[in-house]
file start18.cif (mmCIF, C-alpha atoms)
data_run
#
loop_
_atom_site.label_atom_id
_atom_site.label_comp_id
_atom_site.auth_asym_id
_atom_site.auth_seq_id
_atom_site.Cartn_x
_atom_site.Cartn_y
_atom_site.Cartn_z
CA MET A 27 -39.93 -3.11 -166.57
CA HIS A 28 -42.50 -5.01 -164.55
CA GLU A 29 -43.84 -1.81 -162.99
CA VAL A 30 -45.78 -1.42 -166.25
CA ASP A 31 -47.57 -4.68 -165.49
CA MET A 32 -47.95 -3.70 -161.85
CA THR A 33 -49.58 -0.47 -163.02
CA LYS A 34 -51.92 -2.38 -165.34
CA CYS A 35 -52.88 -4.55 -162.41
CA LEU A 36 -53.40 -1.49 -160.23
CA LEU A 37 -55.67 0.02 -162.90
CA LEU A 38 -57.67 -3.22 -163.15
CA SER A 39 -58.03 -3.27 -159.37
CA MET A 40 -59.20 0.36 -159.50
CA GLU A 41 -61.72 -0.58 -162.21
CA GLU A 42 -63.11 -3.20 -159.84
CA TRP A 43 -63.46 -0.53 -157.17
CA LYS A 44 -65.16 1.83 -159.65
CA ARG A 45 -67.71 -0.81 -160.59
CA GLY A 46 -68.57 -1.03 -156.91
CA GLN A 47 -69.50 2.68 -156.95
CA GLU A 48 -72.03 2.36 -159.77
CA PRO A 49 -74.23 4.01 -160.83
CA GLN A 50 -72.12 6.95 -159.67
CA THR A 51 -68.86 7.80 -161.42
CA PRO A 52 -66.22 8.89 -158.94
CA VAL A 53 -63.63 11.50 -159.84
CA VAL A 54 -60.43 10.29 -158.24
CA THR A 55 -57.95 12.86 -156.98
CA ALA A 56 -55.42 10.56 -155.33
CA VAL A 57 -54.65 6.88 -154.97
CA HIS A 58 -52.70 6.02 -151.83
CA LEU A 59 -50.48 2.96 -151.98
CA GLN A 60 -48.39 1.16 -149.44
CA VAL A 61 -45.36 -0.46 -151.02
CA GLY A 62 -43.19 -2.67 -148.89
CA ALA A 63 -39.42 -2.68 -149.16
CA PHE A 64 -39.46 -6.47 -149.50
CA THR A 65 -41.30 -6.50 -152.83
CA CYS A 66 -40.18 -6.31 -156.43
CA VAL A 67 -41.62 -2.83 -156.86
CA GLU A 68 -39.58 0.32 -157.29
CA PRO A 69 -41.80 3.25 -156.17
CA GLU A 70 -40.22 5.75 -158.58
CA ALA A 71 -40.80 3.48 -161.56
CA LEU A 72 -44.36 2.88 -160.43
CA ARG A 73 -45.02 6.63 -160.17
CA PHE A 74 -43.64 7.14 -163.66
CA THR A 75 -45.67 4.40 -165.30
CA PHE A 76 -48.84 5.40 -163.43
CA ALA A 77 -48.57 8.99 -164.70
CA ALA A 78 -48.18 7.70 -168.25
CA ALA A 79 -50.90 5.07 -168.00
CA VAL A 80 -53.71 7.26 -166.63
CA GLN A 81 -53.44 9.90 -169.36
CA GLY A 82 -56.79 10.10 -171.09
CA SER A 83 -58.34 7.51 -168.78
CA TRP A 84 -60.96 8.00 -166.08
CA LEU A 85 -58.07 8.35 -163.61
CA ASP A 86 -56.49 11.24 -165.53
CA GLY A 87 -55.64 14.02 -163.08
CA SER A 88 -55.23 11.72 -160.11
CA THR A 89 -51.95 11.45 -158.26
CA LEU A 90 -50.27 8.37 -156.92
CA GLU A 91 -49.16 8.72 -153.31
CA ILE A 92 -46.76 6.00 -152.25
CA GLU A 93 -45.98 5.23 -148.65
CA SER A 94 -42.88 3.05 -148.39
CA VAL A 95 -43.07 0.41 -145.70
CA PRO A 96 -39.73 -0.82 -144.34
CA LEU A 97 -38.87 -4.48 -144.00
CA ARG A 98 -39.33 -5.59 -140.40
CA ALA A 99 -39.03 -9.08 -139.05
CA ARG A 100 -39.46 -10.71 -135.67
CA CYS A 101 -36.85 -12.94 -134.14
CA LEU A 102 -38.68 -16.06 -133.02
CA ALA A 103 -36.04 -16.80 -130.38
CA CYS A 104 -36.47 -13.61 -128.36
CA SER A 105 -39.55 -12.00 -129.97
CA SER A 106 -37.78 -8.73 -130.66
CA ALA A 107 -38.41 -6.95 -133.94
CA TYR A 108 -35.49 -6.04 -136.19
CA ASN A 109 -34.65 -4.56 -139.58
CA PRO A 110 -33.25 -7.40 -141.67
CA ASP A 111 -30.01 -6.45 -143.37
CA PRO A 112 -28.91 -8.18 -146.59
CA GLU A 113 -25.31 -7.76 -145.40
CA ARG A 114 -26.18 -10.03 -142.47
CA ALA A 115 -28.12 -12.41 -144.71
CA TYR A 116 -31.34 -10.99 -143.20
CA ARG A 117 -30.58 -12.84 -139.95
CA SER A 118 -31.61 -11.41 -136.60
CA PRO A 119 -28.85 -9.36 -134.93
CA CYS A 120 -30.03 -10.44 -131.48
CA CYS A 121 -29.96 -14.23 -131.77
CA ASP A 122 -28.63 -14.81 -135.31
CA ARG A 123 -31.80 -16.56 -136.42
CA PRO A 124 -32.91 -16.73 -140.05
CA MET A 125 -35.68 -14.39 -141.21
CA GLU A 126 -38.67 -16.36 -140.00
CA GLU A 127 -41.56 -14.01 -139.44
CA ILE A 128 -41.89 -10.93 -141.63
CA VAL A 129 -43.82 -8.25 -139.79
CA SER A 130 -43.91 -5.67 -142.58
CA GLY A 131 -42.37 -5.02 -145.96
CA ARG A 132 -44.46 -7.33 -148.16
CA GLU A 133 -47.21 -4.72 -148.67
CA LEU A 134 -48.47 -4.02 -152.17
CA ARG A 135 -51.66 -2.39 -151.07
CA ILE A 136 -54.11 0.21 -152.29
CA ARG A 137 -54.67 1.77 -148.91
CA SER A 138 -57.26 4.36 -149.84
CA VAL A 139 -58.72 6.47 -152.61
CA ASP A 140 -59.57 10.17 -152.44
CA TYR A 141 -62.42 11.07 -154.75
CA SER A 142 -65.50 13.12 -155.26
CA LEU A 143 -68.82 12.34 -156.85
CA PRO A 144 -69.99 14.85 -159.45
CA HIS A 145 -73.63 15.98 -159.22
CA GLN A 146 -73.78 14.63 -155.76
CA ILE A 147 -76.87 15.82 -153.95
CA SER A 148 -76.44 17.17 -150.46
CA ASP A 149 -78.48 14.38 -148.93
CA PRO A 150 -76.18 12.61 -146.47
CA ALA A 151 -77.98 9.36 -147.21
CA ALA A 152 -76.63 9.59 -150.76
CA VAL A 153 -73.06 9.48 -149.49
CA PRO A 154 -71.84 5.96 -150.02
CA PRO A 155 -70.89 4.03 -146.91
CA ARG A 156 -67.37 4.74 -145.84
CA MET B 11 -71.56 19.85 -154.81
CA HIS B 12 -68.22 18.09 -154.68
CA MET B 13 -67.62 16.59 -151.33
CA PRO B 14 -64.14 15.13 -150.95
CA LEU B 15 -64.47 11.50 -150.00
CA SER B 16 -62.02 8.86 -149.11
CA ASP B 17 -62.50 5.13 -149.25
CA THR B 18 -60.26 2.90 -147.22
CA LEU B 19 -59.70 -0.06 -149.46
CA GLY B 20 -56.88 -2.10 -147.99
CA LEU B 21 -57.01 -3.84 -151.34
CA ASN B 22 -54.05 -5.71 -152.77
CA LEU B 23 -52.48 -3.76 -155.60
CA LEU B 24 -52.51 -7.00 -157.54
CA ALA B 25 -56.09 -7.82 -156.55
CA ALA B 26 -57.19 -8.22 -160.17
CA ASN B 27 -54.42 -10.77 -160.77
CA GLN B 28 -55.15 -12.40 -157.43
CA HIS B 29 -58.81 -12.94 -158.32
CA GLN B 30 -57.90 -14.57 -161.61
CA ALA B 31 -55.29 -16.71 -159.83
CA GLU B 32 -57.90 -17.91 -157.35
CA HIS B 33 -60.21 -18.71 -160.25
CA ASN B 34 -57.44 -20.79 -161.86
CA ARG B 35 -56.84 -22.58 -158.57
CA GLU B 36 -60.53 -23.47 -158.32
CA HIS B 37 -60.18 -25.18 -161.69
CA PHE B 38 -57.09 -27.07 -160.48
CA GLU B 39 -59.00 -28.24 -157.43
CA ALA B 40 -61.98 -29.32 -159.54
CA TRP B 41 -59.61 -31.24 -161.82
CA ASN B 42 -57.83 -32.70 -158.80
CA LEU B 43 -54.35 -31.86 -160.04
CA LEU B 44 -51.26 -30.30 -158.52
CA CYS B 45 -50.00 -27.13 -160.21
CA LEU B 46 -46.36 -26.09 -159.80
CA ASN B 47 -45.01 -22.71 -160.89
CA VAL B 48 -41.36 -23.17 -161.90
CA MET B 49 -39.23 -20.04 -161.81
CA SER B 50 -35.58 -19.08 -162.16
CA SER B 51 -33.22 -16.75 -163.96
CA PRO B 52 -32.72 -17.46 -167.68
CA GLY B 53 -30.46 -20.44 -168.21
CA ALA B 54 -30.70 -21.96 -164.73
CA GLY B 55 -31.92 -25.18 -166.34
CA LYS B 56 -35.72 -25.21 -166.01
CA THR B 57 -36.37 -26.85 -169.36
CA SER B 58 -33.52 -29.37 -169.08
CA LEU B 59 -34.75 -30.39 -165.65
CA LEU B 60 -38.33 -30.73 -166.86
CA GLU B 61 -37.13 -32.94 -169.73
CA ARG B 62 -35.48 -35.29 -167.23
CA THR B 63 -38.17 -35.14 -164.58
CA ILE B 64 -41.11 -35.59 -166.93
CA THR B 65 -39.40 -38.54 -168.60
CA ALA B 66 -38.69 -40.15 -165.22
CA LEU B 67 -42.17 -39.61 -163.77
CA ALA B 68 -44.21 -40.32 -166.91
CA PRO B 69 -44.91 -43.94 -165.88
CA GLN B 70 -46.44 -42.77 -162.58
CA LEU B 71 -48.01 -39.38 -163.31
CA GLU B 72 -50.09 -37.82 -166.07
CA MET B 73 -48.56 -34.42 -166.76
CA ALA B 74 -48.86 -31.38 -169.00
CA VAL B 75 -46.89 -28.15 -169.31
CA LEU B 76 -47.85 -24.52 -169.78
CA GLU B 77 -44.68 -23.07 -171.23
CA GLY B 78 -44.05 -19.35 -170.81
CA ASP B 79 -41.54 -17.84 -173.17
CA MET B 80 -41.06 -14.24 -174.23
CA THR B 81 -40.68 -14.70 -177.95
CA THR B 82 -39.99 -18.24 -179.10
CA GLN B 83 -41.56 -21.66 -178.81
CA LEU B 84 -38.19 -23.42 -178.58
CA ASP B 85 -38.72 -24.67 -175.01
CA ALA B 86 -42.21 -25.89 -175.87
CA GLN B 87 -40.80 -27.92 -178.76
CA ARG B 88 -38.16 -29.49 -176.50
CA LEU B 89 -40.78 -30.59 -174.01
CA GLU B 90 -43.20 -31.84 -176.69
CA ALA B 91 -40.32 -34.06 -177.77
CA VAL B 92 -40.39 -35.93 -174.44
CA GLY B 93 -44.00 -36.84 -175.11
CA VAL B 94 -45.98 -34.52 -172.88
CA PRO B 95 -48.75 -32.09 -173.94
CA VAL B 96 -47.35 -28.56 -173.98
CA VAL B 97 -49.21 -25.29 -174.45
CA PRO B 98 -46.83 -22.46 -175.32
CA ILE B 99 -47.68 -19.07 -173.87
CA THR B 100 -45.73 -16.35 -175.65
CA THR B 101 -45.64 -13.40 -173.29
CA GLY B 102 -44.18 -10.91 -175.77
CA ARG B 103 -42.83 -7.99 -173.83
CA ALA B 104 -43.93 -9.22 -170.42
CA CYS B 105 -41.16 -10.72 -168.30
CA HIS B 106 -43.44 -13.03 -166.31
CA LEU B 107 -46.63 -15.03 -166.62
CA ASP B 108 -49.73 -13.64 -164.98
CA ALA B 109 -52.93 -15.37 -163.98
CA ALA B 110 -54.83 -14.21 -167.08
CA MET B 111 -52.17 -15.62 -169.43
CA VAL B 112 -52.30 -18.94 -167.59
CA SER B 113 -56.08 -18.92 -167.81
CA GLY B 114 -55.75 -18.53 -171.58
CA GLY B 115 -53.28 -21.41 -171.64
CA LEU B 116 -55.71 -23.57 -169.66
CA ARG B 117 -58.44 -23.00 -172.25
CA GLN B 118 -56.05 -24.17 -174.99
CA LEU B 119 -55.12 -27.18 -172.89
CA GLN B 120 -58.79 -28.07 -172.44
CA ALA B 121 -59.23 -28.05 -176.22
CA ARG B 122 -56.65 -30.84 -176.41
CA LEU B 123 -57.33 -33.00 -173.37
CA ASN B 124 -59.41 -33.39 -170.27
CA PRO B 125 -57.41 -31.72 -167.45
CA ALA B 126 -59.16 -33.99 -164.91
CA ASP B 127 -57.01 -36.81 -166.32
CA LEU B 128 -53.85 -34.98 -165.20
CA ASP B 129 -52.04 -35.43 -161.89
CA LEU B 130 -49.52 -32.65 -162.30
CA LEU B 131 -49.51 -29.42 -164.29
CA TRP B 132 -46.20 -27.65 -164.75
CA VAL B 133 -46.16 -23.92 -165.38
CA GLU B 134 -42.70 -23.02 -166.64
CA ASN B 135 -42.40 -19.30 -166.06
CA VAL B 136 -40.33 -16.82 -168.05
CA GLY B 137 -36.68 -16.77 -167.00
CA ASN B 138 -36.50 -13.94 -164.46
CA LEU B 139 -35.66 -13.83 -160.75
CA VAL B 140 -37.63 -10.67 -160.02
CA CYS B 141 -41.27 -10.22 -160.91
CA PRO B 142 -42.58 -13.78 -161.38
CA ALA B 143 -42.35 -13.95 -157.58
CA GLU B 144 -45.09 -11.33 -157.26
CA PHE B 145 -47.55 -12.64 -159.86
CA GLU B 146 -49.42 -15.68 -158.64
CA VAL B 147 -50.96 -17.78 -161.38
CA GLY B 148 -53.02 -20.06 -159.14
CA GLU B 149 -50.25 -22.55 -158.43
CA HIS B 150 -50.25 -24.73 -155.33
CA LEU B 151 -46.49 -24.44 -154.89
CA LYS B 152 -43.67 -22.32 -156.22
CA VAL B 153 -40.46 -24.03 -157.26
CA ALA B 154 -37.38 -21.83 -157.76
CA LEU B 155 -34.19 -23.01 -159.46
CA LEU B 156 -30.75 -21.58 -158.80
CA SER B 157 -27.78 -22.94 -160.70
CA VAL B 158 -24.43 -23.14 -158.93
CA THR B 159 -22.84 -20.99 -161.65
CA GLU B 160 -25.01 -18.05 -160.62
CA GLY B 161 -23.08 -17.54 -157.39
CA GLU B 162 -23.60 -17.94 -153.67
CA ASP B 163 -25.17 -14.56 -153.06
CA LYS B 164 -28.24 -14.75 -155.33
CA PRO B 165 -30.71 -15.71 -152.58
CA LEU B 166 -29.66 -12.51 -150.80
CA LYS B 167 -29.79 -10.38 -153.94
CA TYR B 168 -33.17 -11.68 -155.09
CA PRO B 169 -34.64 -12.47 -151.69
CA VAL B 170 -38.31 -12.13 -152.62
CA MET B 171 -38.13 -15.02 -155.08
CA PHE B 172 -36.39 -17.31 -152.61
CA ARG B 173 -38.65 -16.22 -149.76
CA GLU B 174 -41.76 -17.01 -151.81
CA ALA B 175 -40.52 -20.37 -153.09
CA ASP B 176 -41.81 -23.49 -151.36
CA CYS B 177 -39.07 -25.58 -152.92
CA VAL B 178 -35.64 -24.46 -154.15
CA LEU B 179 -33.59 -26.60 -156.50
CA ILE B 180 -29.84 -25.95 -156.65
CA THR B 181 -29.04 -27.09 -160.18
CA LYS B 182 -25.94 -27.99 -162.21
CA VAL B 183 -24.13 -29.43 -159.19
CA ASP B 184 -22.09 -31.57 -161.61
CA LEU B 185 -20.16 -28.35 -162.37
CA LEU B 186 -19.06 -27.82 -158.76
CA PRO B 187 -15.58 -29.37 -159.27
CA TYR B 188 -14.83 -26.60 -161.78
CA LEU B 189 -16.07 -23.70 -159.65
CA SER B 190 -14.95 -21.96 -156.50
CA ILE B 191 -18.48 -22.12 -155.13
CA ASP B 192 -19.43 -23.47 -151.74
CA VAL B 193 -22.83 -25.06 -152.26
CA SER B 194 -23.46 -25.18 -148.50
CA ARG B 195 -23.28 -21.38 -148.50
CA ILE B 196 -25.92 -21.21 -151.23
CA GLU B 197 -28.12 -23.43 -149.12
CA ALA B 198 -27.43 -21.37 -145.98
CA HIS B 199 -28.41 -18.19 -147.82
CA ILE B 200 -31.64 -19.76 -149.05
CA HIS B 201 -32.52 -20.82 -145.53
CA ALA B 202 -31.56 -17.41 -144.13
CA VAL B 203 -34.33 -15.74 -146.16
CA ASN B 204 -36.66 -18.74 -146.11
CA PRO B 205 -36.08 -21.22 -143.27
CA GLU B 206 -39.00 -23.38 -144.42
CA ALA B 207 -37.88 -23.91 -148.01
CA VAL B 208 -37.40 -27.52 -149.10
CA VAL B 209 -34.01 -27.58 -150.85
CA PHE B 210 -32.59 -30.18 -153.23
CA GLN B 211 -29.19 -30.23 -154.91
CA LEU B 212 -29.26 -31.87 -158.30
CA SER B 213 -27.98 -32.05 -161.84
CA ALA B 214 -30.22 -32.68 -164.83
CA SER B 215 -27.07 -33.45 -166.79
CA SER B 216 -25.47 -36.12 -164.58
CA GLY B 217 -28.69 -37.19 -162.87
CA ALA B 218 -27.23 -36.57 -159.42
CA GLY B 219 -29.88 -35.82 -156.81
CA LEU B 220 -32.81 -36.33 -159.16
CA ASP B 221 -34.22 -39.28 -157.22
CA ALA B 222 -34.83 -37.29 -154.04
CA TRP B 223 -36.54 -34.51 -156.01
CA HIS B 224 -38.71 -37.01 -157.87
CA GLN B 225 -39.71 -38.78 -154.65
CA TRP B 226 -40.68 -35.41 -153.18
CA LEU B 227 -42.78 -34.65 -156.26
CA LEU B 228 -44.57 -38.00 -156.09
CA ALA B 229 -45.23 -37.58 -152.38
CA THR B 230 -46.45 -34.00 -152.81
CA THR B 231 -48.75 -34.91 -155.69
CA ARG B 232 -50.25 -37.82 -153.73
CA GLU B 233 -50.57 -35.80 -150.56
CA ARG B 234 -52.55 -33.08 -152.33
CA SER B 235 -54.76 -35.66 -153.99
CA CYS B 236 -55.44 -37.42 -150.67
CA ARG B 237 -56.26 -34.16 -148.95
CA ALA B 238 -58.71 -33.31 -151.73
CA GLU B 239 -60.41 -36.70 -151.36
CA LEU B 240 -60.63 -36.36 -147.59
CA ALA B 241 -62.16 -32.91 -148.00
CA GLU B 242 -64.73 -34.42 -150.34
CA VAL B 243 -65.62 -37.19 -147.89
CA GLY B 244 -66.31 -34.81 -145.18
#
call {"tool": "encode", "arguments": {"input": "start18.cif", "output": "structure tokens"}}
result
Amino acid sequence: MHEVDMTKCLLLSMEEWKRGQEPQTPVVTAVHLQVGAFTCVEPEALRFTFAAAVQGSWLDGSTLEIESVPLRARCLACSSAYNPDPERAYRSPCCDRPMEEIVSGRELRIRSVDYSLPHQISDPAAVPPR
Amino acid sequence: MHMPLSDTLGLNLLAANQHQAEHNREHFEAWNLLCLNVMSSPGAGKTSLLERTITALAPQLEMAVLEGDMTTQLDAQRLEAVGVPVVPITTGRACHLDAAMVSGGLRQLQARLNPADLDLLWVENVGNLVCPAEFEVGEHLKVALLSVTEGEDKPLKYPVMFREADCVLITKVDLLPYLSIDVSRIEAHIHAVNPEAVVFQLSASSGAGLDAWHQWLLATTRERSCRAELAEVG
């Protein structure tokens, strides 16, 4: 199940983000992902492996929120957007063109992170740049 | 005081792998070599094709192979036998190579030879049509194989792989007389999900179609090398 490796990669990417917060240690409550339909990732499997992987780690207690992004393409003949259908070989229904330009659906993105900073002083200047 | 905060990252989920892949690619550029990531389902004929192709191109190109395999080193042994340096990368449970594994393989390769002497580095990925498509290893181009015995619909069933591939090789065409497979439909399906893919039909067994693929490889290797030299000049 490659979602295990996807999760490892996600955790490494989160580690990179955490290092950027130093010297403060953020407490993460939620990680928001965008997962495109035209990727090799199954959101349910990702949720499952994430829950297992964060146990006992610095991300323990955080939830994974996954926004699914549909596959959308643009027909280069008439510029209209369409939902490619495997049954039609992903070709555009308007002009029967192959799937040239993908508009959305390839996302594998950490969109945002909800977190708090323990022992944060109430000085607005101490709030890290958004 | 706990103030809820939110950071907008817009970061690739695979950013950590991406960074390592870019690091690998910087090495490839410094060594002035072309790196190809070869992917397919198990048994599509990656190793057989590499045996033929490496043998044919050996007089013109210096090559090496990073050989991904889940448990055995059988493929690595086959390719060593055609006289090319091979570094086996046993992935264990993982069903694809990632950039860190390839980086480890590169260090082993460097212990044996100077990569700057190479023109072409093959990365033979683990047999799998799904996740290798998502894990870049720093390659310049992705090559996907699809054997005619796998059926006409595979580009539609595993579209991400065939969308991501720069070059698709339809293999085992010598078997076509024994199959009710229309190879033009395979090609049409590839181009439906990836109109820009370069497609070759070939057979490592009979040798049919190999010349065109080899000429493309030679041209692509030289083109990359020329571009690198031009970039250096100015």
call {"tool": "atom_distance", "arguments": {"input": "start18.cif", "atom1": "CA of Val80 (chain A)", "atom2": "CA of Leu36 (chain A)"}}
result
10.8 Å
call {"tool": "resolve_selection", "arguments": {"input": "start18.cif", "expression": "the PyMOL selection byres ((chain B) within 10 of (chain A))", "output": "JSON, numbers by chain"}}
result
{"B": [11, 12, 13, 14, 15, 16, 17, 18, 19, 20, 21, 22, 23, 24, 25, 26, 27, 28, 29, 103, 104, 105, 106, 108, 139, 140, 141, 142, 143, 144, 145, 163, 165, 166, 167, 168, 169, 170, 171, 173, 198, 199, 200, 201, 202, 203, 204, 205, 206]}
call {"tool": "resolve_selection", "arguments": {"input": "start18.cif", "expression": "the PyMOL selection byres ((chain B and resi 227) around 10)", "output": "ChimeraX atom specification"}}
result
/B:44,46,63,67,71,130,221-226,228-233
call {"tool": "residues_around", "arguments": {"input": "start18.cif", "residues": "Phe38 (chain B)", "least_positions_apart": "3", "cutoff": "12 Å", "atoms": "all atoms listed in the file", "output": "PDB file with C-alpha atoms, in the frame of the given file"}}
result
ATOM      1  CA  ALA B  31     -55.290 -16.710-159.830  1.00  0.00           C
ATOM      2  CA  GLU B  32     -57.900 -17.910-157.350  1.00  0.00           C
ATOM      3  CA  HIS B  33     -60.210 -18.710-160.250  1.00  0.00           C
ATOM      4  CA  ASN B  34     -57.440 -20.790-161.860  1.00  0.00           C
ATOM      5  CA  ARG B  35     -56.840 -22.580-158.570  1.00  0.00           C
ATOM      6  CA  TRP B  41     -59.610 -31.240-161.820  1.00  0.00           C
ATOM      7  CA  ASN B  42     -57.830 -32.700-158.800  1.00  0.00           C
ATOM      8  CA  LEU B  43     -54.350 -31.860-160.040  1.00  0.00           C
ATOM      9  CA  LEU B  44     -51.260 -30.300-158.520  1.00  0.00           C
ATOM     10  CA  CYS B  45     -50.000 -27.130-160.210  1.00  0.00           C
ATOM     11  CA  LEU B  46     -46.360 -26.090-159.800  1.00  0.00           C
ATOM     12  CA  VAL B 112     -52.300 -18.940-167.590  1.00  0.00           C
ATOM     13  CA  SER B 113     -56.080 -18.920-167.810  1.00  0.00           C
ATOM     14  CA  LEU B 116     -55.710 -23.570-169.660  1.00  0.00           C
ATOM     15  CA  ASN B 124     -59.410 -33.390-170.270  1.00  0.00           C
ATOM     16  CA  PRO B 125     -57.410 -31.720-167.450  1.00  0.00           C
ATOM     17  CA  ALA B 126     -59.160 -33.990-164.910  1.00  0.00           C
ATOM     18  CA  ASP B 127     -57.010 -36.810-166.320  1.00  0.00           C
ATOM     19  CA  LEU B 128     -53.850 -34.980-165.200  1.00  0.00           C
ATOM     20  CA  ASP B 129     -52.040 -35.430-161.890  1.00  0.00           C
ATOM     21  CA  LEU B 130     -49.520 -32.650-162.300  1.00  0.00           C
ATOM     22  CA  LEU B 131     -49.510 -29.420-164.290  1.00  0.00           C
ATOM     23  CA  TRP B 132     -46.200 -27.650-164.750  1.00  0.00           C
ATOM     24  CA  VAL B 147     -50.960 -17.780-161.380  1.00  0.00           C
ATOM     25  CA  GLY B 148     -53.020 -20.060-159.140  1.00  0.00           C
ATOM     26  CA  GLU B 149     -50.250 -22.550-158.430  1.00  0.00           C
ATOM     27  CA  HIS B 150     -50.250 -24.730-155.330  1.00  0.00           C
ATOM     28  CA  ARG B 234     -52.550 -33.080-152.330  1.00  0.00           C
ATOM     29  CA  SER B 235     -54.760 -35.660-153.990  1.00  0.00           C
ATOM     30  CA  ALA B 238     -58.710 -33.310-151.730  1.00  0.00           C
TER      31      ALA B 238
END
call {"tool": "atom_distance", "arguments": {"input": "start18.cif", "atom1": "CA of Lys182 (chain B)", "atom2": "CA of Asp85 (chain B)"}}
result
18.4 Å
call {"tool": "atom_distance", "arguments": {"input": "start18.cif", "atom1": "CA of Thr101 (chain B)", "atom2": "CA of Leu123 (chain B)"}}
result
22.8 Å
call {"tool": "resolve_selection", "arguments": {"input": "start18.cif", "expression": "the PyMOL selection byres ((chain B and resi 192) around 12)", "output": "list in words"}}
result
Val158, Thr159, Glu160, Gly161, Glu162, Asp163, Ile180, Val183, Leu185, Leu186, Pro187, Tyr188, Leu189, Ser190, Ile191, Val193, Ser194, Arg195, Ile196, Glu197, Ala198 and His199 of chain B
call {"tool": "closest_residue", "arguments": {"input": "start18.cif", "among": "B:Arg117, B:Val178, B:Arg62, B:Leu151", "to": "His37 (chain B)", "atoms": "all atoms listed in the file"}}
result
B:Arg117
call {"tool": "closest_residue", "arguments": {"input": "start18.cif", "among": "A:Cys121, A:Gly62, A:Ala103, A:Ile92", "to": "Phe74 (chain A)", "atoms": "only C-alpha atoms"}}
result
A:Ile92
call {"tool": "decode", "arguments": {"input": "start18.cif", "residues": "region 74-90 of chain B", "atoms": "C-alpha atoms", "output": "CSV table (one decimal), in the first residue's frame"}}
result
chain,number,residue,atom,x,y,z
B,74,ALA,CA,25.1,2.3,-15.8
B,75,VAL,CA,21.9,1.0,-14.2
B,76,LEU,CA,20.3,1.5,-10.8
B,77,GLU,CA,18.2,-1.6,-10.5
B,78,GLY,CA,15.2,-1.5,-8.2
B,79,ASP,CA,13.8,-4.8,-7.1
B,80,MET,CA,11.6,-5.7,-4.1
B,81,THR,CA,13.4,-8.7,-2.8
B,82,THR,CA,15.9,-10.3,-5.2
B,83,GLN,CA,19.0,-9.2,-7.2
B,84,LEU,CA,18.1,-11.4,-10.2
B,85,ASP,CA,17.5,-8.5,-12.6
B,86,ALA,CA,20.8,-6.9,-11.5
B,87,GLN,CA,22.6,-10.1,-12.2
B,88,ARG,CA,21.1,-10.3,-15.7
B,89,LEU,CA,22.2,-6.8,-16.5
B,90,GLU,CA,25.7,-7.2,-15.1
